[in-house]
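Dumped upload_14.pdb below, it's PDB, C-alpha atoms and all ligand atoms:
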```pdb
ATOM      1  CA  MET A   1      74.055 -17.237  65.626  1.00  0.00           C
ATOM      2  CA  GLU A   2      70.797 -15.260  65.562  1.00  0.00           C
ATOM      3  CA  LYS A   3      69.412 -14.770  62.044  1.00  0.00           C
ATOM      4  CA  LEU A   4      69.533 -11.301  60.544  1.00  0.00           C
ATOM      5  CA  ASN A   5      65.918 -10.223  60.088  1.00  0.00           C
ATOM      6  CA  VAL A   6      65.444  -8.319  56.849  1.00  0.00           C
ATOM      7  CA  LEU A   7      62.601  -6.001  55.879  1.00  0.00           C
ATOM      8  CA  VAL A   8      62.245  -5.458  52.120  1.00  0.00           C
ATOM      9  CA  PHE A   9      60.734  -2.338  50.549  1.00  0.00           C
ATOM     10  CA  ALA A  10      59.589  -2.764  46.926  1.00  0.00           C
ATOM     11  CA  SER A  11      57.307  -0.841  44.569  1.00  0.00           C
ATOM     12  CA  HIS A  12      56.866  -2.975  41.460  1.00  0.00           C
ATOM     13  CA  SER A  13      57.953  -6.425  40.348  1.00  0.00           C
ATOM     14  CA  GLY A  14      59.899  -7.451  43.453  1.00  0.00           C
ATOM     15  CA  SER A  15      62.193  -9.794  41.545  1.00  0.00           C
ATOM     16  CA  ASN A  16      65.094  -8.783  43.777  1.00  0.00           C
ATOM     17  CA  MET A  17      63.042  -9.637  46.864  1.00  0.00           C
ATOM     18  CA  GLN A  18      62.326 -13.027  45.275  1.00  0.00           C
ATOM     19  CA  ALA A  19      66.040 -13.528  44.657  1.00  0.00           C
ATOM     20  CA  LEU A  20      66.757 -12.814  48.337  1.00  0.00           C
ATOM     21  CA  ILE A  21      64.145 -15.352  49.428  1.00  0.00           C
ATOM     22  CA  ASP A  22      65.246 -18.006  46.916  1.00  0.00           C
ATOM     23  CA  TYR A  23      68.897 -17.676  47.872  1.00  0.00           C
ATOM     24  CA  SER A  24      68.107 -18.044  51.554  1.00  0.00           C
ATOM     25  CA  LYS A  25      66.254 -21.287  50.787  1.00  0.00           C
ATOM     26  CA  ARG A  26      68.960 -22.764  48.544  1.00  0.00           C
ATOM     27  CA  HIS A  27      72.088 -21.837  50.467  1.00  0.00           C
ATOM     28  CA  TYR A  28      73.177 -21.686  54.038  1.00  0.00           C
ATOM     29  CA  THR A  29      72.518 -18.085  54.977  1.00  0.00           C
ATOM     30  CA  ASN A  30      72.230 -16.248  58.190  1.00  0.00           C
ATOM     31  CA  TYR A  31      69.508 -13.867  57.039  1.00  0.00           C
ATOM     32  CA  GLN A  32      65.777 -14.224  56.550  1.00  0.00           C
ATOM     33  CA  VAL A  33      63.293 -11.988  54.724  1.00  0.00           C
ATOM     34  CA  LYS A  34      60.722 -11.319  57.433  1.00  0.00           C
ATOM     35  CA  CYS A  35      58.262  -9.021  55.669  1.00  0.00           C
ATOM     36  CA  LEU A  36      57.576  -6.639  52.802  1.00  0.00           C
ATOM     37  CA  ILE A  37      56.474  -3.025  52.771  1.00  0.00           C
ATOM     38  CA  THR A  38      55.196  -1.626  49.499  1.00  0.00           C
ATOM     39  CA  ASN A  39      53.844   1.790  48.591  1.00  0.00           C
ATOM     40  CA  ASN A  40      51.962   0.259  45.647  1.00  0.00           C
ATOM     41  CA  SER A  41      48.901  -1.909  46.238  1.00  0.00           C
ATOM     42  CA  ASN A  42      49.257  -3.322  42.687  1.00  0.00           C
ATOM     43  CA  SER A  43      52.866  -4.306  43.174  1.00  0.00           C
ATOM     44  CA  PHE A  44      53.655  -7.829  42.000  1.00  0.00           C
ATOM     45  CA  ALA A  45      55.888  -8.022  45.071  1.00  0.00           C
ATOM     46  CA  ILE A  46      52.669  -8.545  47.053  1.00  0.00           C
ATOM     47  CA  GLU A  47      51.863 -11.700  45.039  1.00  0.00           C
ATOM     48  CA  ARG A  48      55.359 -12.962  45.672  1.00  0.00           C
ATOM     49  CA  ALA A  49      55.069 -12.287  49.412  1.00  0.00           C
ATOM     50  CA  LYS A  50      51.722 -14.134  49.505  1.00  0.00           C
ATOM     51  CA  ASN A  51      53.242 -17.124  47.692  1.00  0.00           C
ATOM     52  CA  GLU A  52      56.077 -17.231  50.172  1.00  0.00           C
ATOM     53  CA  ASN A  53      53.859 -16.723  53.232  1.00  0.00           C
ATOM     54  CA  ILE A  54      55.691 -13.537  54.068  1.00  0.00           C
ATOM     55  CA  PRO A  55      53.635 -10.793  55.740  1.00  0.00           C
ATOM     56  CA  TYR A  56      53.264  -7.640  53.649  1.00  0.00           C
ATOM     57  CA  PHE A  57      52.072  -4.129  54.381  1.00  0.00           C
ATOM     58  CA  HIS A  58      50.801  -1.460  52.030  1.00  0.00           C
ATOM     59  CA  ILE A  59      52.047   1.843  53.425  1.00  0.00           C
ATOM     60  CA  SER A  60      52.116   4.999  51.355  1.00  0.00           C
ATOM     61  CA  ASP A  61      51.368   8.694  51.597  1.00  0.00           C
ATOM     62  CA  LYS A  62      47.814   7.742  50.573  1.00  0.00           C
ATOM     63  CA  THR A  63      47.304   5.151  53.325  1.00  0.00           C
ATOM     64  CA  HIS A  64      49.173   7.382  55.827  1.00  0.00           C
ATOM     65  CA  PRO A  65      48.872  11.024  54.703  1.00  0.00           C
ATOM     66  CA  ASN A  66      50.311  12.223  57.997  1.00  0.00           C
ATOM     67  CA  LYS A  67      54.106  11.832  57.907  1.00  0.00           C
ATOM     68  CA  ILE A  68      54.369  11.038  61.625  1.00  0.00           C
ATOM     69  CA  ASP A  69      51.771   8.243  61.251  1.00  0.00           C
ATOM     70  CA  PHE A  70      53.635   6.954  58.214  1.00  0.00           C
ATOM     71  CA  ILE A  71      56.921   6.815  60.125  1.00  0.00           C
ATOM     72  CA  ASN A  72      55.336   5.318  63.248  1.00  0.00           C
ATOM     73  CA  GLU A  73      53.705   2.552  61.259  1.00  0.00           C
ATOM     74  CA  ILE A  74      57.054   1.580  59.757  1.00  0.00           C
ATOM     75  CA  LYS A  75      58.700   1.737  63.193  1.00  0.00           C
ATOM     76  CA  ARG A  76      55.975  -0.530  64.572  1.00  0.00           C
ATOM     77  CA  ILE A  77      56.744  -3.128  61.883  1.00  0.00           C
ATOM     78  CA  ILE A  78      60.484  -2.837  62.549  1.00  0.00           C
ATOM     79  CA  ASP A  79      59.821  -3.561  66.229  1.00  0.00           C
ATOM     80  CA  ASN A  80      57.271  -6.331  65.652  1.00  0.00           C
ATOM     81  CA  PHE A  81      59.580  -8.294  63.389  1.00  0.00           C
ATOM     82  CA  ASN A  82      62.797  -7.414  65.220  1.00  0.00           C
ATOM     83  CA  ILE A  83      64.224  -6.011  61.991  1.00  0.00           C
ATOM     84  CA  LYS A  84      67.999  -5.541  61.833  1.00  0.00           C
ATOM     85  CA  LEU A  85      68.389  -4.605  58.172  1.00  0.00           C
ATOM     86  CA  ILE A  86      66.221  -2.811  55.621  1.00  0.00           C
ATOM     87  CA  ALA A  87      66.796  -3.792  51.978  1.00  0.00           C
ATOM     88  CA  LEU A  88      65.316  -1.480  49.376  1.00  0.00           C
ATOM     89  CA  ALA A  89      64.576  -3.452  46.215  1.00  0.00           C
ATOM     90  CA  GLY A  90      63.083  -1.255  43.529  1.00  0.00           C
ATOM     91  CA  TYR A  91      61.478   1.071  46.090  1.00  0.00           C
ATOM     92  CA  MET A  92      60.590   4.241  44.252  1.00  0.00           C
ATOM     93  CA  LYS A  93      60.446   6.563  47.257  1.00  0.00           C
ATOM     94  CA  LEU A  94      62.962   8.146  49.602  1.00  0.00           C
ATOM     95  CA  LEU A  95      62.900   6.583  53.037  1.00  0.00           C
ATOM     96  CA  PRO A  96      62.449   9.214  55.784  1.00  0.00           C
ATOM     97  CA  ASN A  97      65.557   9.939  57.812  1.00  0.00           C
ATOM     98  CA  GLU A  98      63.710   8.999  60.989  1.00  0.00           C
ATOM     99  CA  VAL A  99      63.346   5.427  59.695  1.00  0.00           C
ATOM    100  CA  ILE A 100      67.006   5.208  58.660  1.00  0.00           C
ATOM    101  CA  GLU A 101      68.075   6.427  62.104  1.00  0.00           C
ATOM    102  CA  TYR A 102      65.665   4.025  63.811  1.00  0.00           C
ATOM    103  CA  VAL A 103      67.648   1.063  62.399  1.00  0.00           C
ATOM    104  CA  ASN A 104      70.994   2.786  63.059  1.00  0.00           C
ATOM    105  CA  GLY A 105      71.612   3.438  59.374  1.00  0.00           C
ATOM    106  CA  ARG A 106      71.285  -0.231  58.467  1.00  0.00           C
ATOM    107  CA  VAL A 107      69.512   0.425  55.164  1.00  0.00           C
ATOM    108  CA  ILE A 108      70.861  -0.752  51.817  1.00  0.00           C
ATOM    109  CA  ASN A 109      69.749  -0.410  48.203  1.00  0.00           C
ATOM    110  CA  ILE A 110      70.569  -2.007  44.877  1.00  0.00           C
ATOM    111  CA  HIS A 111      71.062   0.207  41.851  1.00  0.00           C
ATOM    112  CA  PRO A 112      71.342  -0.991  38.225  1.00  0.00           C
ATOM    113  CA  ALA A 113      74.552   0.885  37.304  1.00  0.00           C
ATOM    114  CA  LEU A 114      78.094   1.440  38.500  1.00  0.00           C
ATOM    115  CA  LEU A 115      77.598   4.199  41.057  1.00  0.00           C
ATOM    116  CA  PRO A 116      78.671   6.949  41.541  1.00  0.00           C
ATOM    117  CA  LYS A 117      77.967   7.208  37.814  1.00  0.00           C
ATOM    118  CA  PHE A 118      74.339   7.141  36.611  1.00  0.00           C
ATOM    119  CA  GLY A 119      72.673   7.668  39.970  1.00  0.00           C
ATOM    120  CA  GLY A 120      70.581  10.387  41.533  1.00  0.00           C
ATOM    121  CA  PRO A 121      67.106  11.785  40.910  1.00  0.00           C
ATOM    122  CA  GLY A 122      65.530  10.549  37.669  1.00  0.00           C
ATOM    123  CA  MET A 123      68.078   7.744  37.342  1.00  0.00           C
ATOM    124  CA  TYR A 124      65.824   4.741  37.730  1.00  0.00           C
ATOM    125  CA  GLY A 125      64.484   1.933  35.553  1.00  0.00           C
ATOM    126  CA  MET A 126      65.157   2.208  31.841  1.00  0.00           C
ATOM    127  CA  ASN A 127      66.431   5.811  32.193  1.00  0.00           C
ATOM    128  CA  VAL A 128      69.632   4.457  33.693  1.00  0.00           C
ATOM    129  CA  HIS A 129      70.336   2.049  30.838  1.00  0.00           C
ATOM    130  CA  LYS A 130      69.449   4.610  28.170  1.00  0.00           C
ATOM    131  CA  ALA A 131      71.884   7.070  29.739  1.00  0.00           C
ATOM    132  CA  VAL A 132      74.640   4.424  29.910  1.00  0.00           C
ATOM    133  CA  ILE A 133      74.210   3.538  26.216  1.00  0.00           C
ATOM    134  CA  GLU A 134      73.974   7.175  25.117  1.00  0.00           C
ATOM    135  CA  SER A 135      77.210   7.930  26.992  1.00  0.00           C
ATOM    136  CA  LYS A 136      78.891   5.083  25.067  1.00  0.00           C
ATOM    137  CA  GLU A 137      80.089   3.455  28.283  1.00  0.00           C
ATOM    138  CA  LYS A 138      82.124   0.274  27.805  1.00  0.00           C
ATOM    139  CA  GLU A 139      80.799  -1.252  31.017  1.00  0.00           C
ATOM    140  CA  SER A 140      77.903  -1.016  33.404  1.00  0.00           C
ATOM    141  CA  GLY A 141      76.708  -3.167  36.277  1.00  0.00           C
ATOM    142  CA  ALA A 142      74.979  -3.301  39.634  1.00  0.00           C
ATOM    143  CA  THR A 143      75.829  -1.580  42.899  1.00  0.00           C
ATOM    144  CA  VAL A 144      74.752  -2.268  46.461  1.00  0.00           C
ATOM    145  CA  HIS A 145      75.152   0.782  48.666  1.00  0.00           C
ATOM    146  CA  LEU A 146      74.163   2.202  52.010  1.00  0.00           C
ATOM    147  CA  VAL A 147      71.163   4.513  51.940  1.00  0.00           C
ATOM    148  CA  ASN A 148      71.152   8.034  53.253  1.00  0.00           C
ATOM    149  CA  ASN A 149      68.756  10.883  52.526  1.00  0.00           C
ATOM    150  CA  ASP A 150      70.353  11.647  49.167  1.00  0.00           C
ATOM    151  CA  TYR A 151      69.430   9.406  46.205  1.00  0.00           C
ATOM    152  CA  ASP A 152      72.176   6.864  45.437  1.00  0.00           C
ATOM    153  CA  LYS A 153      74.878   8.711  47.393  1.00  0.00           C
ATOM    154  CA  GLY A 154      75.541   6.340  50.335  1.00  0.00           C
ATOM    155  CA  LYS A 155      78.744   4.338  50.763  1.00  0.00           C
ATOM    156  CA  ILE A 156      79.255   1.662  48.096  1.00  0.00           C
ATOM    157  CA  LEU A 157      79.365  -1.858  49.562  1.00  0.00           C
ATOM    158  CA  ALA A 158      79.763  -4.036  46.446  1.00  0.00           C
ATOM    159  CA  GLN A 159      79.565  -3.952  42.662  1.00  0.00           C
ATOM    160  CA  TYR A 160      79.375  -6.390  39.766  1.00  0.00           C
ATOM    161  CA  LYS A 161      80.308  -5.305  36.256  1.00  0.00           C
ATOM    162  CA  VAL A 162      79.040  -6.264  32.807  1.00  0.00           C
ATOM    163  CA  ASP A 163      80.322  -5.263  29.381  1.00  0.00           C
ATOM    164  CA  VAL A 164      78.084  -3.021  27.334  1.00  0.00           C
ATOM    165  CA  HIS A 165      77.801  -4.608  23.875  1.00  0.00           C
ATOM    166  CA  PRO A 166      77.854  -2.461  20.707  1.00  0.00           C
ATOM    167  CA  ASP A 167      74.369  -3.737  19.753  1.00  0.00           C
ATOM    168  CA  ASP A 168      72.864  -3.335  23.236  1.00  0.00           C
ATOM    169  CA  THR A 169      69.453  -1.761  23.646  1.00  0.00           C
ATOM    170  CA  PRO A 170      68.442  -0.391  27.061  1.00  0.00           C
ATOM    171  CA  GLU A 171      66.129  -3.408  27.397  1.00  0.00           C
ATOM    172  CA  LYS A 172      68.857  -5.981  26.644  1.00  0.00           C
ATOM    173  CA  LEU A 173      71.269  -4.299  29.021  1.00  0.00           C
ATOM    174  CA  ALA A 174      68.579  -4.069  31.724  1.00  0.00           C
ATOM    175  CA  GLU A 175      67.921  -7.793  31.442  1.00  0.00           C
ATOM    176  CA  ARG A 176      71.592  -8.729  31.855  1.00  0.00           C
ATOM    177  CA  ILE A 177      72.021  -6.351  34.776  1.00  0.00           C
ATOM    178  CA  LEU A 178      68.869  -7.542  36.545  1.00  0.00           C
ATOM    179  CA  ALA A 179      70.192 -11.127  36.396  1.00  0.00           C
ATOM    180  CA  LEU A 180      73.392  -9.841  37.978  1.00  0.00           C
ATOM    181  CA  GLU A 181      71.457  -8.001  40.686  1.00  0.00           C
ATOM    182  CA  HIS A 182      69.752 -11.255  41.606  1.00  0.00           C
ATOM    183  CA  LYS A 183      73.186 -12.733  42.367  1.00  0.00           C
ATOM    184  CA  LEU A 184      74.797  -9.706  43.967  1.00  0.00           C
ATOM    185  CA  TYR A 185      72.072  -8.654  46.409  1.00  0.00           C
ATOM    186  CA  PRO A 186      71.708 -11.987  48.248  1.00  0.00           C
ATOM    187  CA  GLU A 187      75.476 -12.401  48.385  1.00  0.00           C
ATOM    188  CA  VAL A 188      75.921  -9.001  49.998  1.00  0.00           C
ATOM    189  CA  ILE A 189      73.151  -9.572  52.532  1.00  0.00           C
ATOM    190  CA  HIS A 190      74.581 -12.994  53.323  1.00  0.00           C
ATOM    191  CA  LYS A 191      77.984 -11.376  53.924  1.00  0.00           C
ATOM    192  CA  ILE A 192      76.396  -8.759  56.163  1.00  0.00           C
ATOM    193  CA  SER A 193      74.612 -11.512  58.084  1.00  0.00           C
ATOM    194  CA  ILE A 194      77.843 -13.373  58.813  1.00  0.00           C
ATOM    195  CA  GLY A 195      79.809 -10.212  59.591  1.00  0.00           C
ATOM    196  CA  GLU A 196      81.950 -10.334  56.458  1.00  0.00           C
ATOM    197  CA  ILE A 197      80.630  -6.921  55.416  1.00  0.00           C
ATOM    198  CA  ILE A 198      80.332  -4.526  58.329  1.00  0.00           C
ATOM    199  CA  ILE A 199      77.869  -1.686  58.063  1.00  0.00           C
TER
HETATM  200  C1  LIG B   1      66.134  -3.109  39.844  1.00  0.00           C
HETATM  201  O1  LIG B   1      66.780  -2.887  38.625  1.00  0.00           O
HETATM  202  C2  LIG B   1      66.803  -2.307  40.938  1.00  0.00           C
HETATM  203  O2  LIG B   1      68.167  -2.129  40.739  1.00  0.00           O
HETATM  204  C3  LIG B   1      66.126  -0.979  40.831  1.00  0.00           C
HETATM  205  O3  LIG B   1      64.800  -1.264  40.488  1.00  0.00           O
HETATM  206  C4  LIG B   1      64.731  -2.539  39.854  1.00  0.00           C
HETATM  207  C5  LIG B   1      63.781  -3.345  40.684  1.00  0.00           C
HETATM  208  O4  LIG B   1      63.441  -4.558  40.133  1.00  0.00           O
HETATM  209  N1  LIG B   1      66.350  -0.194  42.012  1.00  0.00           N
HETATM  210  P1  LIG B   1      62.565  -5.587  40.949  1.00  0.00           P
HETATM  211  O5  LIG B   1      61.326  -4.859  41.457  1.00  0.00           O
HETATM  212  O6  LIG B   1      63.389  -6.102  42.100  1.00  0.00           O
HETATM  213  O7  LIG B   1      62.211  -6.650  39.973  1.00  0.00           O
END
```
Kindly return the structure encoded in the file as structure tokens.
Ligand code: GRF
Amino acid sequence: MEKLNVLVFASHSGSNMQALIDYSKRHYTNYQVKCLITNNSNSFAIERAKNENIPYFHISDKTHPNKIDFINEIKRIIDNFNIKLIALAGYMKLLPNEVIEYVNGRVINIHPALLPKFGGPGMYGMNVHKAVIESKEKESGATVHLVNNDYDKGKILAQYKVDVHPDDTPEKLAERILALEHKLYPEVIHKISIGEIII
């Protein structure tokens, strides 16, 4: 069976991208991370890509101020690497609709909460975990969902839950959820690659 070629978009640490790569080395999987696009030239994801010998591209509204150029550059990479799935992993920008359509809607994201709760504009990073704790939620978790042009609103594909402890700080909760993300995201992409999750 032909491997599912995955393009990762990341803006900062890229630990989820690393988890995808590590999983595909340790387990039998039918996907491979082919390349990285980042909007941030200081992203640690770039270091990770270098270490793994994975090509990376810095593409942002600074490198490509013209939106058509921006979109065409991403399309070129999709074609060059025969990309069949885009995985957003801490990408802090909305992906243009034209790109989503170009891969027939095969774009997924991981979010550090139990969507549809605690998603949408402004709900990223520590803001999410602060909001969960302030709302006195008993549980939180990680969600993998399809991406459309509305933040965190696409169809939910899979979730993992964690209990919120009475003494949790946003930082402690974030750490537990990130560890969960590192398990969930590769599992979901593996299932997509073997046709167990259809998107
Ligand atoms: C993760 O919590 C992810 O859910 C969110 O941004 C964070 C990215 O972390 N979208 P990393 O860059 O993969 O380490």
| task | Output the residue selection produced by the PyMOL selection byres (((chain A and resi 82-84) around 9) and not hetatm) on the file above, formatted as number ranges by chain. | result | A: 4-7, 34, 77-81, 85-86, 103-104, 106
Please evaluate the PyMOL selection byres (((not hetatm)) within 9 of (chain B and resi 1)) against the displayed coordinates and give the resulting residues as a PyMOL selection string. chain A and resi 10-19+43-45+88-92+109-113+124-126+142-144+174-175+177-178+181-182
Quick check, in Å to one decimal: how far apart do atom CA of A:Ala158 and atom CA of A:Tyr23 lie?
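For atom CA of A:Ala158 relative to atom CA of A:Tyr23, the distance reads 17.5 Å.
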Can you tell me how far atom CA of A:Leu20 sits from atom CA of A:Pro186, in Å to one decimal?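 These atoms are spaced 5.0 Å apart.
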- Can you turn the PyMOL selection byres (((chain A and resi 54) around 12) and not hetatm) into a concrete residue list for this file, as a list in words?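 Selection result, ordered by chain and number: Val6, Leu7, Val8, Met17, Gln18, Ile21, Gln32, Val33, Lys34, Cys35, Leu36, Ile37, Ala45, Ile46, Glu47, Arg48, Ala49, Lys50, Asn51, Glu52, Asn53, Pro55, Tyr56, Phe57 and Phe81 of chain A.
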request  = Write out as a VMD selection string each polymer residue whose atoms come within 8 Å of A:Ser193, counting only C-alpha atoms; drop sequence neighbours fewer than 5 positions from it.
outcome  = chain A and resid 3 to 4 29 to 31
For a cutoff of 12 Å around the file-coordinate point (81.8, 1.4, 50.7), which residues qualify once you count only C-alpha atoms? I'd like the result as a ChimeraX atom specification. /A:108,115-116,143-147,153-159,188,197-199
